[in-house]
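Peer 1: Below is one structure. I have some questions about it.
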Amino acid sequence: MIDIAALAVKKWKGERGSLIMALHEIQNQMGYVPREATMEISSQMNVPLARIYEVLTFYNYFKLEAPGKAVISICTGTACYLKGAPALLDEFKKDLGIGVDEATSDGIFHLQCVRCLGCCGLAPVVSVNGKIYGKLKPSDIKPIIAEWREVFPAKETANAAN
Amino acid sequence: MKTVKLKINNVEIEASEGENILNAAKKASVNIPSLCKHPDLHATGACGICIVKLKGAPNMVRACCTPVSEGMEVITHDPEIVGVRRTVLELILSAHPNECLTCGRNGTCELQRLASEFAIRRESFNPVVPDIPPDSTTNSITLEPRKCIKCGRCITVCQEKQNVWALSFLERGIDTRIAPAGVTLGESPCVRCGQCSEHCPVGAIFEFDETEKVWAALSDPELYCIAQIAPAVRVSIGEAFGYPPGTNLTGQIYDALRHLGFKAVFDTNFGADVTIMEEASEFAHRFLSAPEKLPLITTCCPSWVDFMEKFHHDMIEYFSSCKSPHSIVGTLTKTYYAQKLGIDPSKIMMVSIMPCTSKKYEITRTGNMYASGMQDVDVALTTREFIRMLQQSGIVFNDLDPETQADSPLGEYSGAGVIFGTTGGVMEAALRTASYFITGHDPESVDFKQIRGLEGIREFEFKIGGHSIRTAVAHGLGNVETLISRVRAAREEGREAPYHFIEVMACPGGCIGGGGQSWNVDDAIRKKRAEGLFSDDRSKAIRLSHRNPYIQKLYEEFLGEPLGETAQKYLHTSYQARPEYKR
């Protein structure tokens, strides 16, 4: 993890507006910006940690927590919204027991809302780790969750997290 | 400086080029309401209360951050402007808890005052008060982000003035909040200077209140309560009781403490005289025999000590090991004084009245703070907490006896002891006694005026008995690093240190501008408070710590020689590198 931060620093140090670029690099590679990485950036780039957190919390793009293994993105863009995205969202929340931008306690599922996945013809759309599911009804949600539970069995993930 | 002519409400005035409209308006006898702007700090333009109309401009502008220009015509008050200001105020109030009656700033809150002046009588917008828990993890200040109005003063002070970077604005828009970066304030780089609480217009950052502890002790018949007051408290407390800033109210404070039930009243200035005996001895020793350990850096300020331990621990070797004056009074009270009077020291409750939030932290900072075998100082109250205790006590402050004396011997002080409360004062007091230690005779003039003032960094080379002593004084932690980097650069290049002696105080103006002092301070008030201390110094027959007969007696009877074994045991402390937490 520190390697990624160190590389990002090396690439962007000294450039104008470099802090945000280095943070982007880490976000892109890791899916979030861990605290250890912010400490590394702070000391290498000589930017106060407070300033780094100001930037990280200002932009929605940056995440401070590790995302789940399966990132569920529910499109709440106009078309999907009108075609029933809120009901899908409620179903996910109920079945997983988490809210938006939260991860399940086993670290497997992460729920987020996104704006337009670029396939409005399939509305309402959900993507899980990039796999697109279109024209969904609330009753389709449980099978999707079951499908990804098979990909990331709880026990194995819990061990890996330890 | 170039001046410009402009009109404010059709009154022609002259103002300095670059001056903002808010200040310039005062010359036309107009008071533009403002909230986020503090005279110490640059304008953030955060609140919008100070909007005015400019002839020819399409929009209203903020007076705090709009400079005057030649021919400008400003309208500061008309029904439309006042209406906009009221709306701005109502919006701020909609995100602020309606808890004035139970808030620490009730009666001193700048937002409350504006709400009163604008006659706000109802909630015009649905309240959207955030639900964020308070943070008291520093045990010095309490952060209550719910009450924050996002003016940005605390953040400007913490980041720019103090260069500590403990506080930041996290999130954005309606979710914006003041917070340390992802940790509690106790785990952050916060050095507890309290300048955030000193500058907060509302109750969002407030001293960690320990008055109840003191009330309980005062009503406990088992305890022998003793108080001491710091130099800077005596010249600021009057502001809460209608006296002009800088009025010296030492006698009244002693009298008030007795009325409150303290069995003995001491003066931190006595401890300052002891500090000088030790620190001047350290300086004379290093200057004459161990120049490689120069510069000597003063350590009376616990926020500076914390700052150094966190960010500049390569400077530890230069630090004076001498404890701060109130710690010394605490130690001596529970040893020397207790023995003299035959009091069980474990029954003594030592309360320090300090201009400082950081003293709350200092009293348990290291094992040396228990030199008497128990905690030397039990509670450190800020000036503001003490004022509240007086207000609760029924004491009519103005009727107190100005001639009241402190208890002997820990209340007897020299003029050198009292100037500890202002920037440059510790240096000056130390030079007076160091002159004696270096040359064997007292200085011809006890005034070392060249090192006085309010500039952030001051340097002067004093001639003392054929020696040149290069001194530097810094106040406000942001100014310290300039000096530190010069010392570090000289050391790295193998050059002689640029200074022999450095004094540092974390707060602007030193303790007179301390984070626990009365609110609404600016440099004009700091100047008056400092003058109050210098005038007390001038009025003293004895103005040299080593000439204070009670100090001489203390060393004869109890401590032995300065820096001797007993002195080391009771009066000195140590420093350690704290885990690095990057700013």
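Identifiers in the structure tokens: chain A, B, ... in order shown; residue index from 1 per chain; ligand index from 1 in order shown.
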Need to verify the contact set: Ala429 in chain B, 8 Å, only C-alpha atoms, exclusion of same-chain residues closer than 5 positions in sequence. Can you return it as a PyMOL selection string?
Peer 2: chain B and resi 276+416-417+419-420+544-545
Peer 1: Tell me the residues of chain B close to chain A, meaning within 12 Å using only C-alpha atoms, as an mmCIF file with C-alpha atoms, in the first residue's frame.
Peer 2:
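Wrote iface.cif, looks like this:
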data_model
loop_
_atom_site.group_PDB
_atom_site.id
_atom_site.type_symbol
_atom_site.label_atom_id
_atom_site.label_comp_id
_atom_site.auth_asym_id
_atom_site.auth_seq_id
_atom_site.Cartn_x
_atom_site.Cartn_y
_atom_site.Cartn_z
ATOM 1 C CA ILE B 155 -8.949 27.260 11.219
ATOM 2 C CA CYS B 158 -4.669 27.059 13.849
ATOM 3 C CA GLN B 159 -3.268 26.707 10.338
ATOM 4 C CA GLU B 160 -1.860 30.111 9.470
ATOM 5 C CA ASN B 163 1.047 26.560 11.942
ATOM 6 C CA VAL B 164 -0.288 23.609 13.941
ATOM 7 C CA TRP B 165 -2.878 22.306 11.461
ATOM 8 C CA ALA B 166 -4.947 20.433 14.017
ATOM 9 C CA LEU B 167 -8.229 21.830 12.719
ATOM 10 C CA SER B 168 -9.584 21.750 9.206
ATOM 11 C CA PHE B 169 -12.842 22.174 7.325
ATOM 12 C CA LEU B 170 -13.972 18.716 6.310
ATOM 13 C CA GLU B 171 -16.749 17.884 3.821
ATOM 14 C CA ARG B 172 -18.505 20.715 1.987
ATOM 15 C CA GLY B 173 -21.680 22.712 1.616
ATOM 16 C CA ILE B 174 -24.214 22.098 4.352
ATOM 17 C CA ASP B 175 -22.108 19.177 5.621
ATOM 18 C CA THR B 176 -19.004 21.312 6.253
ATOM 19 C CA ARG B 177 -17.660 20.835 9.744
ATOM 20 C CA ILE B 178 -14.611 21.781 11.791
ATOM 21 C CA ALA B 179 -12.634 18.693 12.691
ATOM 22 C CA PRO B 180 -9.160 17.258 12.905
ATOM 23 C CA ALA B 181 -8.132 15.050 9.983
ATOM 24 C CA GLY B 182 -9.834 11.727 10.670
ATOM 25 C CA VAL B 183 -8.906 11.487 14.374
ATOM 26 C CA LEU B 185 -8.501 16.341 18.708
ATOM 27 C CA SER B 188 -4.317 15.328 16.348
ATOM 28 C CA PRO B 189 -1.332 17.725 16.303
ATOM 29 C CA CYS B 190 -3.309 20.082 18.615
ATOM 30 C CA PHE B 311 7.636 18.740 15.404
ATOM 31 C CA GLU B 580 5.332 12.125 14.722
ATOM 32 C CA TYR B 581 1.991 13.127 13.395
ATOM 33 C CA LYS B 582 2.590 15.030 10.238
ATOM 34 C CA ARG B 583 1.040 18.439 9.924
#
Peer 1: Measuring between only C-alpha atoms, which one of B:Pro221, B:Gly564, B:Pro245, B:Pro127 shows the shortest distance to Trp519 in chain B?
Peer 2: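 When distances to Trp519 in chain B are compared using only C-alpha atoms, the smallest one comes from B:Pro245.
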Peer 1: What separation in Å, quoted to one decimal, exists between CA of Gly48 in chain B and CA of Ala28 in chain B?
Peer 2: 21.2 Å
Peer 1: Restricting the calculation to only C-alpha atoms, which member of B:Lys528, B:Arg85, B:Arg384, B:Lys323 is positioned closest to Ile32 in chain B?
Peer 2: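 Distance minimum relative to Ile32 in chain B lands on B:Arg85.
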Peer 1: If we count only C-alpha atoms and set the cut-off at 8 Å, which residues sit around Ala434 in chain B, ignoring sequence neighbours fewer than 6 positions away in its own chain? Please answer as number ranges by chain.
Peer 2: B: 280-281, 283-284
Peer 1: Deliver the residues from the most recent selection as a file, using C-alpha atoms, as a PDB file, in the first residue's frame.
Peer 2:
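Okay, this is what ended up in out-v6.pdb:
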ATOM      1  CA  ALA B 280      19.498  32.339  34.274  1.00  0.00           C
ATOM      2  CA  SER B 281      21.883  29.899  35.995  1.00  0.00           C
ATOM      3  CA  PHE B 283      22.099  30.290  30.681  1.00  0.00           C
ATOM      4  CA  ALA B 284      25.157  31.646  32.487  1.00  0.00           C
TER       5      ALA B 284
END
Peer 1: Could you pull the residues within 7 Å of Thr76 in chain B, counting only C-alpha atoms, minus those fewer than 6 positions along the same chain, as JSON, numbers by chain?
Peer 2: {"B": [9, 32, 52, 53]}
Peer 1: Excluding range 464-475 of chain B and residues on its chain fewer than 5 positions from it, collect all residues at most 10 Å away from it, counting only C-alpha atoms, and give them as a count of residues only.
Peer 2: 54
Peer 1: Using only C-alpha atoms, can you tell me which of A:Asp106, A:Glu91, A:Cys116, A:Val100 comes closest to Thr76 in chain A?
Peer 2: A:Cys116
Peer 1: Chain A: which residues are alpha helix (DSSP H) by DSSP, as a PyMOL selection string?
Peer 2: chain A and resi 2-12+18-30+35-45+49-58+78-82+85-96+141-151+154-161
Peer 1: Kindly indicate which residue among B:Phe386, B:Tyr254, B:Phe397, B:Tyr570 lies nearest to Glu207 in chain B, using only C-alpha atoms for the distances.
Peer 2: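 Comparing B:Phe386, B:Tyr254, B:Phe397, B:Tyr570 against Glu207 in chain B, the winner is B:Phe386.
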Peer 1: From the options A:Leu89, A:Leu136, A:Ile145, A:Leu96, which residue's atoms come nearest to Ile74 in chain A, counting only C-alpha atoms?
Peer 2: A:Leu89
Peer 1: Tell me, in Å to one decimal, how far CA of Asn398 in chain B is from CA of Asp522 in chain B.
Peer 2: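 These two atoms are separated by 24.7 Å.
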